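Notes to accompany the following structure.
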There are 2 protein chains.
Amino acid sequence: MMWRQEGKRKRTENAVRIGELSRRTGVTVPTIKYYVREGLLPPGELTSPNQASYGDPHERRLRLIRALLEVGGLSLAAIGEVLAAVDDRERPVHDMLGEVADRLVAEHAGEPDAETVLARERVARLIAERGWDADPDSPAGAALTAALAALARVGHGAFIEVLDAYARAAEEVARADLEFTARRVDREDLVETVAVGTVLGDAMFAALRRLAQTDASSRTFSTE
Amino acid sequence: MMWRQEGKRKRTENAVRIGELSRRTGVTVPTIKYYVREGLLPPGELTSPNQASYGDPHERRLRLIRALLEVGGLSLAAIGEVLAAVDDRERPVHDMLGEVADRLVAEHAGEPDAETVLARERVARLIAERGWDADPDSPAGAALTAALAALARVGHGAFIEVLDAYARAAEEVARADLEFTARRVDREDLVETVAVGTVLGDAMFAALRRLAQTDASSRTFSTE
DNA sequence: CATCATAGATAGTGGCGCTATCAGATAGCG
DNA sequence: CGCTATCTGATAGCGCCACTATCTATGATG
């Protein structure tokens with residue numbers, strides 16, 4: 001694993017040892033060492049054979065890992081891939097977004113059953129109807145297909161009726177996402193913003209949906 | 001664990017043995033036995049000391065478990081709690097929805113830090129502004145608080161700018177959910193519909209968001 | 001009657017995210 | 001200078017989870 005060289009940035013901005021890094025982030029020292037071993041966190045800069053110092057980038061990265069893990073619910077393996085995409089500065093932004101998105105969905109291999117075939121057709125139709133520039137066989141499309149097929153298999157295929165409303169809401173959210181990222185001029189920051197926004201945005205939206213459901217449900221069913 | 005008695009329904013509608021149940025659902029026999037041991041699936045009806053038959057409800061329940069597990073990403077423990085809520089026919093619908101929603105968010109205990117305190121205030125303000133009948137300290141509110149606090153901690157607190165757009169979209173989705181459930185007259189089915197819709201709806205929306213982002217992103221960044 | 005499937009029970013497996021322990025070296029303080 | 005707390009780097013172990021394997025005794029099936 002190649003870690004981006006900080007070059008001549010010798011400002012020793014906020015160099016601390018591992019104990020202090022642990023105290024600041026609430027992550028235990030063994031866990032920090034474990035993340036370094038796993039290649040998720042760059043090793044500290046050695047000042048002597050058994051002393052290393054960690055700076056702001058380490059603290060930031062560590063907080064990012066914890067956020068993706070605890071709030072985003074990603075596995076460490078998925079986090080590693082997301083971070084690699086974030087660190088790859090050669091990669092076009094659009095490409096990076098796709099890469100991050102792909103890490104968020106579980107793989108569903110195997111022979112497609114009847115429900116999956118039908119669901120895939122529905123997904124393709126939706127994409128065509130909305131004029132989206134997207135592939136039904138991309139990971140995101142496959143995830144949607146899997147969800148629709150699962151609905152059919154559990155006998156709740158009728159729930160697909162909400163699909164268009166969901167798609168409209170998703171467009172709204174995606175528009176807000178893009179407008180926000182468009183305001184980020186700093187490209188360095190933008191890439192991480194997209195990754196964070198994609199992962200934590202899911203968690204945010206799910207929580208908001210739940211709150212809105214609580215409200216709507218309490219109005220409809222009140223106390224009964 | 002009490003399993004709902006099917007009463008005098010002796011129609012033997014679709015009784016099969018465990019091997020056939022396994023073949024139909026793609027779940028291995030040992031796994032089915034495991035689910036029965038774990039109380040997720042009712043045991044088959046014994047026809048002799050070492051023969052049991054499984055009917056449609058078993059197949060349905062088994063498919064539901066797999067959908068919640070594979071598509072919804074729930075743990076078996078969470079699935080058990082959701083199923084218990086679904087099976088509890090005494091419980092008011094609104095209550096059940098809350099119960100299911102609560103199973104979907106991870107617990108985040110511990111002393112609240114500065115970011116959490118600020119995030120909680122923002123959540124309370126959002127709820128007040130939108131006039132929602134919801135509690136900022138409910139599991140859903142706490143999940144939103146955790147997400148906002150995490151954004152702040154990773155240095156992307158500005159992403160909170162999209163919050164209102166997300167909230168509007170969430171209202172739209174919740175409205176579609178409620179309209180759909182309102183059309184379900186059968187209360188038996190309704191309860192499961194709400195659970196399935198809540199869990200698989202998250203997966204659906206996340207996938208749709210990803211597709212809409214792909215589209216929006218390809219328009220904005222095109223090939224660069 | 002031979003073969004296969006089954007119930008029920010117990011033990012084992014593999015992956016994941018840490019956690020414990022250790023040896024040897026250094027930091028920082030009086 | 002000595003003393004103790006801390007550090008690096010390495011290896012081993014742990015607890016949880018979702019299975020999976022194996023076994024015995026029994027019954028189904030052709």
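Order determines the names: the first chain of the structure tokens is A, the second B, and so forth; residues in each chain are numbered 1 upward, and ligands are numbered 1 upward as they are shown.
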
Wanna dump the chain C-chain B contacts at 10 Å for me, each residue with its shortest atom pair and the distance in Å to one decimal, counting only C-alpha atoms (C1' of nucleotides), ordered by chain and number, as JSON lines?
```
{"residue": "C:DA5", "atom": "C1'", "partner": "B:Gly19", "partner_atom": "CA", "distance": 8.0}
{"residue": "C:DT6", "atom": "C1'", "partner": "B:Asn50", "partner_atom": "CA", "distance": 5.8}
{"residue": "C:DA7", "atom": "C1'", "partner": "B:Asn50", "partner_atom": "CA", "distance": 4.5}
{"residue": "C:DG8", "atom": "C1'", "partner": "B:Asn50", "partner_atom": "CA", "distance": 8.5}
```

Fit target chain B, mobile chain A, all Cα in order, as a PDB file with C-alpha atoms, in the first residue's frame:
```pdb
ATOM      1  CA  MET A   1     -41.718 -18.989  22.010  1.00  0.00           C
ATOM      2  CA  MET A   2     -45.424 -19.308  21.242  1.00  0.00           C
ATOM      3  CA  TRP A   3     -46.397 -20.063  17.712  1.00  0.00           C
ATOM      4  CA  ARG A   4     -49.738 -18.960  16.504  1.00  0.00           C
ATOM      5  CA  GLN A   5     -52.052 -21.913  16.233  1.00  0.00           C
ATOM      6  CA  GLU A   6     -53.497 -22.427  12.825  1.00  0.00           C
ATOM      7  CA  GLY A   7     -56.603 -23.829  14.443  1.00  0.00           C
ATOM      8  CA  LYS A   8     -58.818 -26.068  12.421  1.00  0.00           C
ATOM      9  CA  ARG A   9     -57.142 -25.325   9.139  1.00  0.00           C
ATOM     10  CA  LYS A  10     -56.683 -28.952   8.225  1.00  0.00           C
ATOM     11  CA  ARG A  11     -56.563 -28.422   4.487  1.00  0.00           C
ATOM     12  CA  THR A  12     -53.013 -29.772   4.247  1.00  0.00           C
ATOM     13  CA  GLU A  13     -52.724 -27.042   1.656  1.00  0.00           C
ATOM     14  CA  ASN A  14     -49.204 -27.586   0.572  1.00  0.00           C
ATOM     15  CA  ALA A  15     -47.599 -29.757   3.161  1.00  0.00           C
ATOM     16  CA  VAL A  16     -44.070 -30.780   2.304  1.00  0.00           C
ATOM     17  CA  ARG A  17     -41.137 -32.223   4.143  1.00  0.00           C
ATOM     18  CA  ILE A  18     -38.013 -30.307   4.931  1.00  0.00           C
ATOM     19  CA  GLY A  19     -36.116 -31.404   1.844  1.00  0.00           C
ATOM     20  CA  GLU A  20     -38.763 -29.994  -0.465  1.00  0.00           C
ATOM     21  CA  LEU A  21     -38.996 -26.779   1.574  1.00  0.00           C
ATOM     22  CA  SER A  22     -35.248 -26.467   1.169  1.00  0.00           C
ATOM     23  CA  ARG A  23     -35.443 -27.052  -2.572  1.00  0.00           C
ATOM     24  CA  ARG A  24     -38.187 -24.479  -3.027  1.00  0.00           C
ATOM     25  CA  THR A  25     -36.496 -21.705  -1.110  1.00  0.00           C
ATOM     26  CA  GLY A  26     -32.850 -22.401  -1.806  1.00  0.00           C
ATOM     27  CA  VAL A  27     -32.094 -22.566   1.902  1.00  0.00           C
ATOM     28  CA  THR A  28     -30.160 -25.638   3.010  1.00  0.00           C
ATOM     29  CA  VAL A  29     -31.780 -28.131   5.355  1.00  0.00           C
ATOM     30  CA  PRO A  30     -29.303 -27.508   8.215  1.00  0.00           C
ATOM     31  CA  THR A  31     -29.962 -23.789   7.942  1.00  0.00           C
ATOM     32  CA  ILE A  32     -33.704 -24.318   8.144  1.00  0.00           C
ATOM     33  CA  LYS A  33     -33.208 -26.445  11.238  1.00  0.00           C
ATOM     34  CA  TYR A  34     -30.994 -23.743  12.651  1.00  0.00           C
ATOM     35  CA  TYR A  35     -33.697 -21.104  12.157  1.00  0.00           C
ATOM     36  CA  VAL A  36     -36.187 -23.347  13.923  1.00  0.00           C
ATOM     37  CA  ARG A  37     -33.780 -23.752  16.835  1.00  0.00           C
ATOM     38  CA  GLU A  38     -33.327 -19.994  16.965  1.00  0.00           C
ATOM     39  CA  GLY A  39     -37.072 -19.478  17.127  1.00  0.00           C
ATOM     40  CA  LEU A  40     -37.274 -17.615  13.828  1.00  0.00           C
ATOM     41  CA  LEU A  41     -39.286 -20.294  12.089  1.00  0.00           C
ATOM     42  CA  PRO A  42     -42.034 -22.395  13.668  1.00  0.00           C
ATOM     43  CA  PRO A  43     -41.211 -26.111  13.794  1.00  0.00           C
ATOM     44  CA  GLY A  44     -42.932 -28.348  11.288  1.00  0.00           C
ATOM     45  CA  GLU A  45     -45.999 -30.222  12.395  1.00  0.00           C
ATOM     46  CA  LEU A  46     -44.920 -33.657  13.576  1.00  0.00           C
ATOM     47  CA  THR A  47     -46.722 -36.469  11.796  1.00  0.00           C
ATOM     48  CA  SER A  48     -44.607 -39.065  13.548  1.00  0.00           C
ATOM     49  CA  PRO A  49     -41.755 -38.873  16.037  1.00  0.00           C
ATOM     50  CA  ASN A  50     -39.285 -38.108  13.314  1.00  0.00           C
ATOM     51  CA  GLN A  51     -41.317 -36.696  10.498  1.00  0.00           C
ATOM     52  CA  ALA A  52     -42.624 -33.171  10.250  1.00  0.00           C
ATOM     53  CA  SER A  53     -44.495 -31.348   7.535  1.00  0.00           C
ATOM     54  CA  TYR A  54     -44.154 -27.731   6.555  1.00  0.00           C
ATOM     55  CA  GLY A  55     -46.864 -25.694   4.867  1.00  0.00           C
ATOM     56  CA  ASP A  56     -47.260 -22.396   3.045  1.00  0.00           C
ATOM     57  CA  PRO A  57     -46.811 -20.265   6.164  1.00  0.00           C
ATOM     58  CA  HIS A  58     -43.424 -21.863   6.743  1.00  0.00           C
ATOM     59  CA  GLU A  59     -42.321 -21.195   3.195  1.00  0.00           C
ATOM     60  CA  ARG A  60     -43.517 -17.624   3.410  1.00  0.00           C
ATOM     61  CA  ARG A  61     -41.819 -17.013   6.704  1.00  0.00           C
ATOM     62  CA  LEU A  62     -38.607 -18.538   5.458  1.00  0.00           C
ATOM     63  CA  ARG A  63     -38.577 -16.290   2.401  1.00  0.00           C
ATOM     64  CA  LEU A  64     -39.239 -13.328   4.660  1.00  0.00           C
ATOM     65  CA  ILE A  65     -36.295 -14.207   6.866  1.00  0.00           C
ATOM     66  CA  ARG A  66     -33.997 -14.476   3.848  1.00  0.00           C
ATOM     67  CA  ALA A  67     -35.203 -11.184   2.409  1.00  0.00           C
ATOM     68  CA  LEU A  68     -34.673  -9.331   5.678  1.00  0.00           C
ATOM     69  CA  LEU A  69     -31.263 -10.973   6.046  1.00  0.00           C
ATOM     70  CA  GLU A  70     -29.860 -10.665   2.533  1.00  0.00           C
ATOM     71  CA  VAL A  71     -31.540  -7.567   1.150  1.00  0.00           C
ATOM     72  CA  GLY A  72     -32.382  -5.745   4.351  1.00  0.00           C
ATOM     73  CA  GLY A  73     -29.062  -6.557   5.971  1.00  0.00           C
ATOM     74  CA  LEU A  74     -30.621  -7.266   9.374  1.00  0.00           C
ATOM     75  CA  SER A  75     -29.004  -9.596  11.870  1.00  0.00           C
ATOM     76  CA  LEU A  76     -30.871 -12.745  12.810  1.00  0.00           C
ATOM     77  CA  ALA A  77     -31.406 -11.273  16.268  1.00  0.00           C
ATOM     78  CA  ALA A  78     -33.035  -8.165  14.778  1.00  0.00           C
ATOM     79  CA  ILE A  79     -35.110 -10.340  12.474  1.00  0.00           C
ATOM     80  CA  GLY A  80     -36.331 -12.273  15.489  1.00  0.00           C
ATOM     81  CA  GLU A  81     -37.528  -9.082  17.147  1.00  0.00           C
ATOM     82  CA  VAL A  82     -39.204  -7.842  13.976  1.00  0.00           C
ATOM     83  CA  LEU A  83     -40.987 -11.164  13.536  1.00  0.00           C
ATOM     84  CA  ALA A  84     -42.108 -11.135  17.152  1.00  0.00           C
ATOM     85  CA  ALA A  85     -43.608  -7.677  16.615  1.00  0.00           C
ATOM     86  CA  VAL A  86     -45.251  -8.845  13.407  1.00  0.00           C
ATOM     87  CA  ASP A  87     -46.727 -11.878  15.153  1.00  0.00           C
ATOM     88  CA  ASP A  88     -48.067  -9.901  18.071  1.00  0.00           C
ATOM     89  CA  ARG A  89     -51.587  -9.296  16.885  1.00  0.00           C
ATOM     90  CA  GLU A  90     -52.616  -7.444  20.022  1.00  0.00           C
ATOM     91  CA  ARG A  91     -50.277  -4.611  19.315  1.00  0.00           C
ATOM     92  CA  PRO A  92     -51.529  -1.413  17.636  1.00  0.00           C
ATOM     93  CA  VAL A  93     -50.212  -0.868  14.146  1.00  0.00           C
ATOM     94  CA  HIS A  94     -48.533   2.396  14.960  1.00  0.00           C
ATOM     95  CA  ASP A  95     -46.751   0.766  17.829  1.00  0.00           C
ATOM     96  CA  MET A  96     -45.585  -2.079  15.656  1.00  0.00           C
ATOM     97  CA  LEU A  97     -44.135   0.290  13.110  1.00  0.00           C
ATOM     98  CA  GLY A  98     -42.158   1.974  15.831  1.00  0.00           C
ATOM     99  CA  GLU A  99     -40.908  -1.351  17.078  1.00  0.00           C
ATOM    100  CA  VAL A 100     -39.755  -2.417  13.636  1.00  0.00           C
ATOM    101  CA  ALA A 101     -38.113   0.928  13.019  1.00  0.00           C
ATOM    102  CA  ASP A 102     -36.249   0.636  16.295  1.00  0.00           C
ATOM    103  CA  ARG A 103     -34.725  -2.674  15.254  1.00  0.00           C
ATOM    104  CA  LEU A 104     -33.145  -1.131  12.202  1.00  0.00           C
ATOM    105  CA  VAL A 105     -30.851   1.269  13.945  1.00  0.00           C
ATOM    106  CA  ALA A 106     -27.775   0.348  15.907  1.00  0.00           C
ATOM    107  CA  GLU A 107     -27.552   1.476  19.475  1.00  0.00           C
ATOM    108  CA  HIS A 108     -25.160   4.304  20.144  1.00  0.00           C
ATOM    109  CA  ALA A 109     -24.763   4.598  23.863  1.00  0.00           C
ATOM    110  CA  GLY A 110     -22.184   6.485  25.863  1.00  0.00           C
ATOM    111  CA  GLU A 111     -21.592  10.030  26.982  1.00  0.00           C
ATOM    112  CA  PRO A 112     -22.672  12.509  24.321  1.00  0.00           C
ATOM    113  CA  ASP A 113     -19.814  14.651  23.032  1.00  0.00           C
ATOM    114  CA  ALA A 114     -20.032  18.240  21.845  1.00  0.00           C
ATOM    115  CA  GLU A 115     -20.920  17.244  18.264  1.00  0.00           C
ATOM    116  CA  THR A 116     -23.732  15.039  19.489  1.00  0.00           C
ATOM    117  CA  VAL A 117     -25.211  17.792  21.623  1.00  0.00           C
ATOM    118  CA  LEU A 118     -25.209  20.197  18.692  1.00  0.00           C
ATOM    119  CA  ALA A 119     -26.580  17.567  16.334  1.00  0.00           C
ATOM    120  CA  ARG A 120     -29.397  16.767  18.729  1.00  0.00           C
ATOM    121  CA  GLU A 121     -30.371  20.413  18.804  1.00  0.00           C
ATOM    122  CA  ARG A 122     -30.419  20.497  15.022  1.00  0.00           C
ATOM    123  CA  VAL A 123     -32.626  17.420  14.939  1.00  0.00           C
ATOM    124  CA  ALA A 124     -35.041  18.921  17.446  1.00  0.00           C
ATOM    125  CA  ARG A 125     -35.210  22.096  15.375  1.00  0.00           C
ATOM    126  CA  LEU A 126     -35.858  20.159  12.193  1.00  0.00           C
ATOM    127  CA  ILE A 127     -38.676  18.223  13.804  1.00  0.00           C
ATOM    128  CA  ALA A 128     -40.197  21.426  15.148  1.00  0.00           C
ATOM    129  CA  GLU A 129     -39.863  23.250  11.825  1.00  0.00           C
ATOM    130  CA  ARG A 130     -41.545  20.480   9.919  1.00  0.00           C
ATOM    131  CA  GLY A 131     -44.191  20.061  12.564  1.00  0.00           C
ATOM    132  CA  TRP A 132     -43.498  16.380  12.848  1.00  0.00           C
ATOM    133  CA  ASP A 133     -45.055  14.389  15.642  1.00  0.00           C
ATOM    134  CA  ALA A 134     -41.782  12.679  16.476  1.00  0.00           C
ATOM    135  CA  ASP A 135     -39.306  12.544  19.312  1.00  0.00           C
ATOM    136  CA  PRO A 136     -35.682  13.614  18.785  1.00  0.00           C
ATOM    137  CA  ASP A 137     -34.724  11.017  21.397  1.00  0.00           C
ATOM    138  CA  SER A 138     -36.496   8.130  19.727  1.00  0.00           C
ATOM    139  CA  PRO A 139     -34.181   5.588  18.096  1.00  0.00           C
ATOM    140  CA  ALA A 140     -34.804   7.181  14.705  1.00  0.00           C
ATOM    141  CA  GLY A 141     -34.036  10.627  16.078  1.00  0.00           C
ATOM    142  CA  ALA A 142     -30.950   9.312  17.811  1.00  0.00           C
ATOM    143  CA  ALA A 143     -29.818   7.697  14.558  1.00  0.00           C
ATOM    144  CA  LEU A 144     -30.181  11.006  12.738  1.00  0.00           C
ATOM    145  CA  THR A 145     -28.325  12.732  15.539  1.00  0.00           C
ATOM    146  CA  ALA A 146     -25.537  10.181  15.300  1.00  0.00           C
ATOM    147  CA  ALA A 147     -25.259  10.685  11.542  1.00  0.00           C
ATOM    148  CA  LEU A 148     -25.091  14.474  11.846  1.00  0.00           C
ATOM    149  CA  ALA A 149     -22.574  14.267  14.675  1.00  0.00           C
ATOM    150  CA  ALA A 150     -20.429  11.898  12.618  1.00  0.00           C
ATOM    151  CA  LEU A 151     -20.503  14.344   9.704  1.00  0.00           C
ATOM    152  CA  ALA A 152     -19.282  17.087  12.010  1.00  0.00           C
ATOM    153  CA  ARG A 153     -16.547  14.907  13.452  1.00  0.00           C
ATOM    154  CA  VAL A 154     -15.129  13.963  10.066  1.00  0.00           C
ATOM    155  CA  GLY A 155     -14.995  17.610   9.091  1.00  0.00           C
ATOM    156  CA  HIS A 156     -17.910  17.511   6.678  1.00  0.00           C
ATOM    157  CA  GLY A 157     -20.420  19.245   8.867  1.00  0.00           C
ATOM    158  CA  ALA A 158     -21.322  21.473   5.934  1.00  0.00           C
ATOM    159  CA  PHE A 159     -23.100  18.518   4.369  1.00  0.00           C
ATOM    160  CA  ILE A 160     -25.912  19.345   6.768  1.00  0.00           C
ATOM    161  CA  GLU A 161     -26.969  21.901   4.164  1.00  0.00           C
ATOM    162  CA  VAL A 162     -28.808  19.157   2.321  1.00  0.00           C
ATOM    163  CA  LEU A 163     -30.812  18.241   5.403  1.00  0.00           C
ATOM    164  CA  ASP A 164     -33.952  20.122   4.436  1.00  0.00           C
ATOM    165  CA  ALA A 165     -33.989  18.684   0.944  1.00  0.00           C
ATOM    166  CA  TYR A 166     -33.560  15.221   2.445  1.00  0.00           C
ATOM    167  CA  ALA A 167     -36.384  15.850   4.897  1.00  0.00           C
ATOM    168  CA  ARG A 168     -38.724  16.916   2.098  1.00  0.00           C
ATOM    169  CA  ALA A 169     -37.857  13.798   0.121  1.00  0.00           C
ATOM    170  CA  ALA A 170     -38.347  11.670   3.222  1.00  0.00           C
ATOM    171  CA  GLU A 171     -41.797  13.164   3.703  1.00  0.00           C
ATOM    172  CA  GLU A 172     -42.622  12.290   0.122  1.00  0.00           C
ATOM    173  CA  VAL A 173     -41.495   8.713   0.630  1.00  0.00           C
ATOM    174  CA  ALA A 174     -43.334   8.379   3.938  1.00  0.00           C
ATOM    175  CA  ARG A 175     -46.480   9.695   2.279  1.00  0.00           C
ATOM    176  CA  ALA A 176     -46.202   7.080  -0.461  1.00  0.00           C
ATOM    177  CA  ASP A 177     -45.640   4.404   2.184  1.00  0.00           C
ATOM    178  CA  LEU A 178     -48.709   5.422   4.112  1.00  0.00           C
ATOM    179  CA  GLU A 179     -50.902   5.732   1.048  1.00  0.00           C
ATOM    180  CA  PHE A 180     -49.916   2.248   0.063  1.00  0.00           C
ATOM    181  CA  THR A 181     -50.558   0.753   3.475  1.00  0.00           C
ATOM    182  CA  ALA A 182     -53.871   2.598   3.705  1.00  0.00           C
ATOM    183  CA  ARG A 183     -55.037   0.626   0.693  1.00  0.00           C
ATOM    184  CA  ARG A 184     -54.337  -2.642   2.509  1.00  0.00           C
ATOM    185  CA  VAL A 185     -57.619  -3.496   4.136  1.00  0.00           C
ATOM    186  CA  ASP A 186     -56.463  -6.809   5.530  1.00  0.00           C
ATOM    187  CA  ARG A 187     -54.921  -5.956   8.859  1.00  0.00           C
ATOM    188  CA  GLU A 188     -53.081  -9.247   9.115  1.00  0.00           C
ATOM    189  CA  ASP A 189     -51.250  -8.513   5.923  1.00  0.00           C
ATOM    190  CA  LEU A 190     -50.827  -4.851   6.747  1.00  0.00           C
ATOM    191  CA  VAL A 191     -48.578  -5.481   9.688  1.00  0.00           C
ATOM    192  CA  GLU A 192     -46.172  -7.548   7.639  1.00  0.00           C
ATOM    193  CA  THR A 193     -46.394  -5.068   4.788  1.00  0.00           C
ATOM    194  CA  VAL A 194     -45.258  -2.294   7.061  1.00  0.00           C
ATOM    195  CA  ALA A 195     -42.318  -4.337   8.295  1.00  0.00           C
ATOM    196  CA  VAL A 196     -41.279  -5.438   4.830  1.00  0.00           C
ATOM    197  CA  GLY A 197     -41.814  -1.990   3.385  1.00  0.00           C
ATOM    198  CA  THR A 198     -39.751  -0.374   6.075  1.00  0.00           C
ATOM    199  CA  VAL A 199     -36.809  -2.720   5.704  1.00  0.00           C
ATOM    200  CA  LEU A 200     -36.790  -3.351   1.969  1.00  0.00           C
ATOM    201  CA  GLY A 201     -37.867   0.222   1.313  1.00  0.00           C
ATOM    202  CA  ASP A 202     -34.550   1.391   2.735  1.00  0.00           C
ATOM    203  CA  ALA A 203     -32.694  -0.859   0.335  1.00  0.00           C
ATOM    204  CA  MET A 204     -34.876   0.245  -2.554  1.00  0.00           C
ATOM    205  CA  PHE A 205     -34.358   3.897  -1.853  1.00  0.00           C
ATOM    206  CA  ALA A 206     -30.625   3.587  -1.383  1.00  0.00           C
ATOM    207  CA  ALA A 207     -30.331   1.850  -4.746  1.00  0.00           C
ATOM    208  CA  LEU A 208     -32.542   4.462  -6.413  1.00  0.00           C
ATOM    209  CA  ARG A 209     -30.500   7.246  -4.884  1.00  0.00           C
ATOM    210  CA  ARG A 210     -27.381   5.669  -6.298  1.00  0.00           C
ATOM    211  CA  LEU A 211     -28.910   5.401  -9.768  1.00  0.00           C
ATOM    212  CA  ALA A 212     -30.119   8.992  -9.632  1.00  0.00           C
ATOM    213  CA  GLN A 213     -26.680  10.089  -8.451  1.00  0.00           C
ATOM    214  CA  THR A 214     -25.048   8.235 -11.305  1.00  0.00           C
ATOM    215  CA  ASP A 215     -27.291  10.080 -13.714  1.00  0.00           C
ATOM    216  CA  ALA A 216     -26.808  13.480 -12.125  1.00  0.00           C
ATOM    217  CA  SER A 217     -23.091  12.935 -11.777  1.00  0.00           C
ATOM    218  CA  SER A 218     -22.636  11.854 -15.370  1.00  0.00           C
ATOM    219  CA  ARG A 219     -24.426  15.001 -16.492  1.00  0.00           C
ATOM    220  CA  THR A 220     -22.310  17.231 -14.297  1.00  0.00           C
ATOM    221  CA  PHE A 221     -18.886  15.703 -14.545  1.00  0.00           C
ATOM    222  CA  SER A 222     -19.478  13.930 -17.871  1.00  0.00           C
ATOM    223  CA  THR A 223     -16.174  12.334 -18.799  1.00  0.00           C
ATOM    224  CA  GLU A 224     -13.845  14.431 -16.701  1.00  0.00           C
TER     225      GLU A 224
END
```

Requested in this report: Give the strand (DSSP E or B) residues of region 9-184 of chain B, as DSSP finds them on the backbone, and put them as JSON, numbers by chain.
Outcome: {"B": [16, 45, 46, 47, 48, 51, 52, 53, 54]}

Report task. Considering only C-alpha atoms (C1' of nucleotides), return as a VMD selection string whatever protein or nucleic-acid residues lie within 12 Å of DG15 (chain D), sequence-local ones (same chain, fewer than 3 positions apart) excluded. Result -> chain C and resid 16 to 19

Would you mind exporting N, CA, C and O atoms (P, O5', C5', C4', C3', O3' and C1' of nucleotides) of the selected residues as a JSON list (two decimals), in the first residue's frame?
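Now in again_25.json:
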```json
[["chain", "number", "residue", "atom", "x", "y", "z"],
["C", 16, "DC", "P", -14.07, -11.42, 6.36],
["C", 16, "DC", "O5'", -14.61, -10.43, 7.49],
["C", 16, "DC", "C5'", -15.90, -10.60, 8.04],
["C", 16, "DC", "C4'", -15.92, -10.00, 9.42],
["C", 16, "DC", "C3'", -14.95, -8.83, 9.62],
["C", 16, "DC", "O3'", -15.69, -7.73, 10.11],
["C", 16, "DC", "C1'", -14.78, -10.38, 11.39],
["C", 17, "DG", "P", -15.26, -6.25, 9.82],
["C", 17, "DG", "O5'", -14.87, -5.81, 11.30],
["C", 17, "DG", "C5'", -15.88, -5.82, 12.30],
["C", 17, "DG", "C4'", -15.24, -5.80, 13.66],
["C", 17, "DG", "C3'", -14.13, -4.75, 13.83],
["C", 17, "DG", "O3'", -14.29, -4.12, 15.09],
["C", 17, "DG", "C1'", -13.35, -6.83, 14.47],
["C", 18, "DC", "P", -13.60, -2.69, 15.34],
["C", 18, "DC", "O5'", -12.05, -3.04, 15.51],
["C", 18, "DC", "C5'", -11.45, -3.08, 16.79],
["C", 18, "DC", "C4'", -11.86, -4.32, 17.56],
["C", 18, "DC", "C3'", -11.25, -4.42, 18.94],
["C", 18, "DC", "O3'", -12.26, -4.59, 19.92],
["C", 18, "DC", "C1'", -10.92, -6.44, 17.70],
["C", 19, "DT", "P", -11.95, -4.04, 21.39],
["C", 19, "DT", "O5'", -10.89, -5.08, 21.99],
["C", 19, "DT", "C5'", -11.36, -6.29, 22.56],
["C", 19, "DT", "C4'", -10.18, -7.07, 23.10],
["C", 19, "DT", "C3'", -9.25, -6.29, 24.03],
["C", 19, "DT", "O3'", -9.16, -7.06, 25.22],
["C", 19, "DT", "C1'", -8.01, -7.47, 22.40]]
```

Report task. Can you work out the spacing between C1' of DG13 (chain D) and C1' of DT26 (chain C) in Å, to one decimal? Result ->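 Computing the Euclidean distance for C1' of DG13 (chain D) and C1' of DT26 (chain C) yields 28.0 Å.
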
**Report entry** Secondary structure check, helix (DSSP H, G or I) residues of region 5-168 of chain A, as a PyMOL selection string
**Finding:** chain A and resi 18-25+29-37+56-71+76-87+93-103+114-130+139-153+157-168

Per residue of chain D within 12 Å of chain B, what are the shortest atom pair and its distance in Å to one decimal, counting only C-alpha atoms (C1' of nucleotides), with rows by chain and residue number, as a tab-separated table?
```
residue	atom	partner	partner_atom	distance
D:DC16	C1'	B:Ser75	CA	11.7
D:DC17	C1'	B:Ser75	CA	8.7
D:DA18	C1'	B:Leu76	CA	8.3
D:DC19	C1'	B:Thr31	CA	6.7
D:DT20	C1'	B:Pro30	CA	7.2
D:DA21	C1'	B:Pro30	CA	9.3
D:DT22	C1'	B:Pro30	CA	11.5
D:DA25	C1'	B:Asn50	CA	9.1
D:DT26	C1'	B:Asn50	CA	6.2
D:DG27	C1'	B:Asn50	CA	6.5
D:DA28	C1'	B:Gln51	CA	8.8
```

Query - Nearby residues (only C-alpha atoms (C1' of nucleotides)) at most 12 Å from DC22 (chain C), same-chain spacing under 3 positions excluded, as a ChimeraX atom specification - result: /D:8-12
